[in-house]
Amino acid sequence: MSDGLIFEAEEGQGAVAKFLDASIKAWSDRVVGPARRHWYSYAARTPDGDICGGVACYIYRDVLLIDTLWLDDSYRGRGLGSQLMDMAEQRGRQEGCAFAFLDTMNWQARPFYEKRGYHVFHEFQMEGGTYTRFYMRKDF
Amino acid sequence: MGEAARGKDVGSRLMSVAEDEARKRGATIMFLDTFSFQARPFYEKLGFKVFGTLKHGAGGIKRFWMAKTL
């Protein structure tokens, strides 16, 4: 190209991806004003100190994203997921979030989230409908 | 991208590099999310369609999910 730009590739989420992420956040804050953005998580540990479940959350402006909820297989079905979600949502409410949202694949925990008051607001079909990703939200 | 690179088609060229690479690696769908104050019209020009919208509680901000079949 006449402008002399060189396009280079980077594998993984390395320095380039991090630079771009920081740059788009700075740009967005210049355009619409400074935003709060922060992560928090809750982990459940066994008496031995191993993490057997947890939830990772991200607050952006007035929205709570439930990014990851995971439980070790042997800790499923005991209400631990609900306990973790209670903690995650309570913190989001305390921080003034208007709602929480998340996405989950069709083989994951849609019924669990529905029981907690989340509803699907969009779904996205992948690989010709073999997989579906559900986007769910819950208003506080 | 940096301010100096805007409006010079650098965005389209980057997206085209990304799409070619995705096709090469066997991807059949490309998807992204963007906010209402960002680049929805740009992605629409590239053939992306909105499949989901999420309105924030305050500030009139919306988040759009967009997808394109490769």
# chains A, B, ... in the order shown; residues from 1 in each chain; ligands from 1

call {"tool": "residues_around", "arguments": {"residues": "range 87-94 of chain A", "least_positions_apart": "5", "cutoff": "8 Å", "atoms": "only C-alpha atoms", "output": "PyMOL selection string"}}
result
chain A and resi 41-42+55+57+59+64+66+100+140

call {"tool": "closest_atom_pairs", "arguments": {"of": "chain B", "to": "chain A", "cutoff": "8 Å", "atoms": "only C-alpha atoms", "output": "tab-separated table"}}
result
residue	atom	partner	partner_atom	distance
B:Met1	CA	A:Ser23	CA	7.8
B:Leu14	CA	A:Phe7	CA	7.7
B:Thr28	CA	A:Glu127	CA	7.2
B:Ile29	CA	A:Met126	CA	7.4
B:Phe37	CA	A:Val32	CA	7.4
B:Gln38	CA	A:Ser28	CA	7.7
B:Phe51	CA	A:His122	CA	7.3
B:Gly52	CA	A:His122	CA	5.7
B:His56	CA	A:Val63	CA	6.6
B:Gly57	CA	A:Ala98	CA	5.5
B:Ala58	CA	A:Asp62	CA	7.0

call {"tool": "write_last_selection", "arguments": {"atoms": "N, CA and C atoms", "output": "PDB file, in the first residue's frame"}}
result
ATOM      1  N   MET B   1      -7.840   2.196  16.422  1.00  0.00           N
ATOM      2  CA  MET B   1      -6.701   2.759  15.689  1.00  0.00           C
ATOM      3  C   MET B   1      -6.411   4.171  16.138  1.00  0.00           C
ATOM      4  N   LEU B  14      -7.857  -3.929   7.929  1.00  0.00           N
ATOM      5  CA  LEU B  14      -7.622  -4.824   9.073  1.00  0.00           C
ATOM      6  C   LEU B  14      -8.707  -5.901   9.136  1.00  0.00           C
ATOM      7  N   THR B  28     -16.815 -20.259  10.029  1.00  0.00           N
ATOM      8  CA  THR B  28     -17.930 -20.040   9.104  1.00  0.00           C
ATOM      9  C   THR B  28     -18.750 -18.800   9.480  1.00  0.00           C
ATOM     10  N   ILE B  29     -18.554 -18.333  10.701  1.00  0.00           N
ATOM     11  CA  ILE B  29     -19.284 -17.143  11.154  1.00  0.00           C
ATOM     12  C   ILE B  29     -18.294 -16.224  11.866  1.00  0.00           C
ATOM     13  N   PHE B  37     -22.056   4.086  20.575  1.00  0.00           N
ATOM     14  CA  PHE B  37     -21.193   5.242  20.272  1.00  0.00           C
ATOM     15  C   PHE B  37     -19.966   4.823  19.460  1.00  0.00           C
ATOM     16  N   GLN B  38     -19.936   3.541  19.070  1.00  0.00           N
ATOM     17  CA  GLN B  38     -18.782   3.056  18.333  1.00  0.00           C
ATOM     18  C   GLN B  38     -19.096   2.866  16.838  1.00  0.00           C
ATOM     19  N   PHE B  51     -27.752  -8.978  15.629  1.00  0.00           N
ATOM     20  CA  PHE B  51     -28.631 -10.065  16.058  1.00  0.00           C
ATOM     21  C   PHE B  51     -29.034  -9.925  17.513  1.00  0.00           C
ATOM     22  N   GLY B  52     -28.529  -8.931  18.180  1.00  0.00           N
ATOM     23  CA  GLY B  52     -28.903  -8.731  19.573  1.00  0.00           C
ATOM     24  C   GLY B  52     -28.629  -7.302  20.017  1.00  0.00           C
ATOM     25  N   HIS B  56     -28.488  -0.166  27.998  1.00  0.00           N
ATOM     26  CA  HIS B  56     -28.044   0.095  29.362  1.00  0.00           C
ATOM     27  C   HIS B  56     -29.139   0.835  30.127  1.00  0.00           C
ATOM     28  N   GLY B  57     -29.032   0.815  31.457  1.00  0.00           N
ATOM     29  CA  GLY B  57     -30.037   1.484  32.269  1.00  0.00           C
ATOM     30  C   GLY B  57     -29.974   2.994  32.146  1.00  0.00           C
ATOM     31  N   ALA B  58     -28.778   3.527  31.925  1.00  0.00           N
ATOM     32  CA  ALA B  58     -28.605   4.982  31.907  1.00  0.00           C
ATOM     33  C   ALA B  58     -27.729   5.402  30.736  1.00  0.00           C
TER      34      ALA B  58
END

call {"tool": "residues_around", "arguments": {"residues": "Gly81 in chain A", "least_positions_apart": "2", "cutoff": "8 Å", "atoms": "only C-alpha atoms", "output": "list in words"}}
result
Gly53, Gly54, Leu69, Trp70, Leu71, Arg76, Arg78, Gly79, Gln83, Leu84 and Met85 of chain A

call {"tool": "select_by_dssp", "arguments": {"residues": "chain B", "states": "helix (DSSP H, G or I)", "output": "JSON, numbers by chain"}}
result
{"B": [3, 4, 5, 10, 11, 12, 13, 14, 15, 16, 17, 18, 19, 20, 21, 22, 23, 24, 40, 41, 42, 43, 44, 45]}

call {"tool": "atom_distance", "arguments": {"atom1": "CA of Gly2 in chain B", "atom2": "CA of Thr53 in chain B"}}
result
27.5 Å

call {"tool": "closest_residue", "arguments": {"among": "B:Lys49, B:Arg6, B:Lys62, B:Lys55", "to": "Leu32 in chain B", "atoms": "only C-alpha atoms"}}
result
B:Lys49

call {"tool": "residues_around", "arguments": {"residues": "Gly47 in chain B", "least_positions_apart": "2", "cutoff": "9 Å", "atoms": "only C-alpha atoms", "output": "ChimeraX atom specification"}}
result
/B:43-45,49,67-69

call {"tool": "write_last_selection", "arguments": {"atoms": "C-alpha atoms", "output": "mmCIF file, in the first residue's frame"}}
result
data_model
loop_
_atom_site.group_PDB
_atom_site.id
_atom_site.type_symbol
_atom_site.label_atom_id
_atom_site.label_comp_id
_atom_site.auth_asym_id
_atom_site.auth_seq_id
_atom_site.Cartn_x
_atom_site.Cartn_y
_atom_site.Cartn_z
ATOM 1 C CA TYR B 43 -19.599 -3.051 10.408
ATOM 2 C CA GLU B 44 -22.920 -2.908 8.529
ATOM 3 C CA LYS B 45 -21.055 -1.722 5.435
ATOM 4 C CA LYS B 49 -26.063 -7.719 10.802
ATOM 5 C CA ALA B 67 -22.607 -11.386 12.926
ATOM 6 C CA LYS B 68 -21.577 -12.153 9.368
ATOM 7 C CA THR B 69 -21.468 -15.470 7.542
#

call {"tool": "residues_around", "arguments": {"residues": "Thr34 in chain B", "least_positions_apart": "2", "cutoff": "8 Å", "atoms": "only C-alpha atoms", "output": "ChimeraX atom specification"}}
result
/B:32,36,38-40,63-66

call {"tool": "select_by_dssp", "arguments": {"residues": "chain B", "states": "strand (DSSP E or B)", "output": "ChimeraX atom specification"}}
result
/B:29-35,49-55,62-69

call {"tool": "write_last_selection", "arguments": {"atoms": "C-alpha atoms", "output": "PDB file, in the first residue's frame"}}
result
ATOM      1  CA  ILE B  29     -19.284 -17.143  11.154  1.00  0.00           C
ATOM      2  CA  MET B  30     -17.663 -13.970  12.405  1.00  0.00           C
ATOM      3  CA  PHE B  31     -19.259 -12.108  15.283  1.00  0.00           C
ATOM      4  CA  LEU B  32     -18.541  -9.119  17.462  1.00  0.00           C
ATOM      5  CA  ASP B  33     -20.146  -6.653  19.805  1.00  0.00           C
ATOM      6  CA  THR B  34     -20.033  -2.897  19.596  1.00  0.00           C
ATOM      7  CA  PHE B  35     -21.568   0.001  21.508  1.00  0.00           C
ATOM      8  CA  LYS B  49     -26.063  -7.719  10.802  1.00  0.00           C
ATOM      9  CA  VAL B  50     -27.273  -6.958  14.325  1.00  0.00           C
ATOM     10  CA  PHE B  51     -28.631 -10.065  16.058  1.00  0.00           C
ATOM     11  CA  GLY B  52     -28.903  -8.731  19.573  1.00  0.00           C
ATOM     12  CA  THR B  53     -29.345  -5.421  21.390  1.00  0.00           C
ATOM     13  CA  LEU B  54     -28.919  -4.581  25.055  1.00  0.00           C
ATOM     14  CA  LYS B  55     -29.942  -1.155  26.334  1.00  0.00           C
ATOM     15  CA  LYS B  62     -26.782   0.313  23.715  1.00  0.00           C
ATOM     16  CA  ARG B  63     -24.671  -2.722  23.057  1.00  0.00           C
ATOM     17  CA  PHE B  64     -25.115  -4.461  19.718  1.00  0.00           C
ATOM     18  CA  TRP B  65     -24.069  -7.982  18.806  1.00  0.00           C
ATOM     19  CA  MET B  66     -23.391  -8.397  15.109  1.00  0.00           C
ATOM     20  CA  ALA B  67     -22.607 -11.386  12.926  1.00  0.00           C
ATOM     21  CA  LYS B  68     -21.577 -12.153   9.368  1.00  0.00           C
ATOM     22  CA  THR B  69     -21.468 -15.470   7.542  1.00  0.00           C
TER      23      THR B  69
END

call {"tool": "residues_around", "arguments": {"residues": "Thr46 in chain A", "least_positions_apart": "5", "cutoff": "12 Å", "atoms": "only C-alpha atoms", "output": "JSON list (two decimals) with C-alpha atoms, in the first residue's frame"}}
result
[["chain", "number", "residue", "atom", "x", "y", "z"],
["A", 51, "ILE", "CA", -10.98, -23.85, 44.39],
["A", 52, "CYS", "CA", -14.03, -26.02, 43.70],
["A", 53, "GLY", "CA", -16.20, -23.31, 42.20],
["A", 54, "GLY", "CA", -16.38, -19.63, 41.50],
["A", 72, "ASP", "CA", -16.06, -28.74, 39.91],
["A", 74, "SER", "CA", -18.27, -33.21, 42.38],
["A", 75, "TYR", "CA", -19.69, -29.93, 43.75]]

call {"tool": "atom_distance", "arguments": {"atom1": "CA of Gly11 in chain B", "atom2": "CA of Val16 in chain A"}}
result
15.5 Å

call {"tool": "atom_distance", "arguments": {"atom1": "CA of Thr104 in chain A", "atom2": "CA of Leu80 in chain A"}}
result
18.0 Å

call {"tool": "closest_residue", "arguments": {"among": "B:Phe42, B:Gly60, B:Gly26, B:Glu21", "to": "Asp9 in chain B", "atoms": "only C-alpha atoms"}}
result
B:Phe42
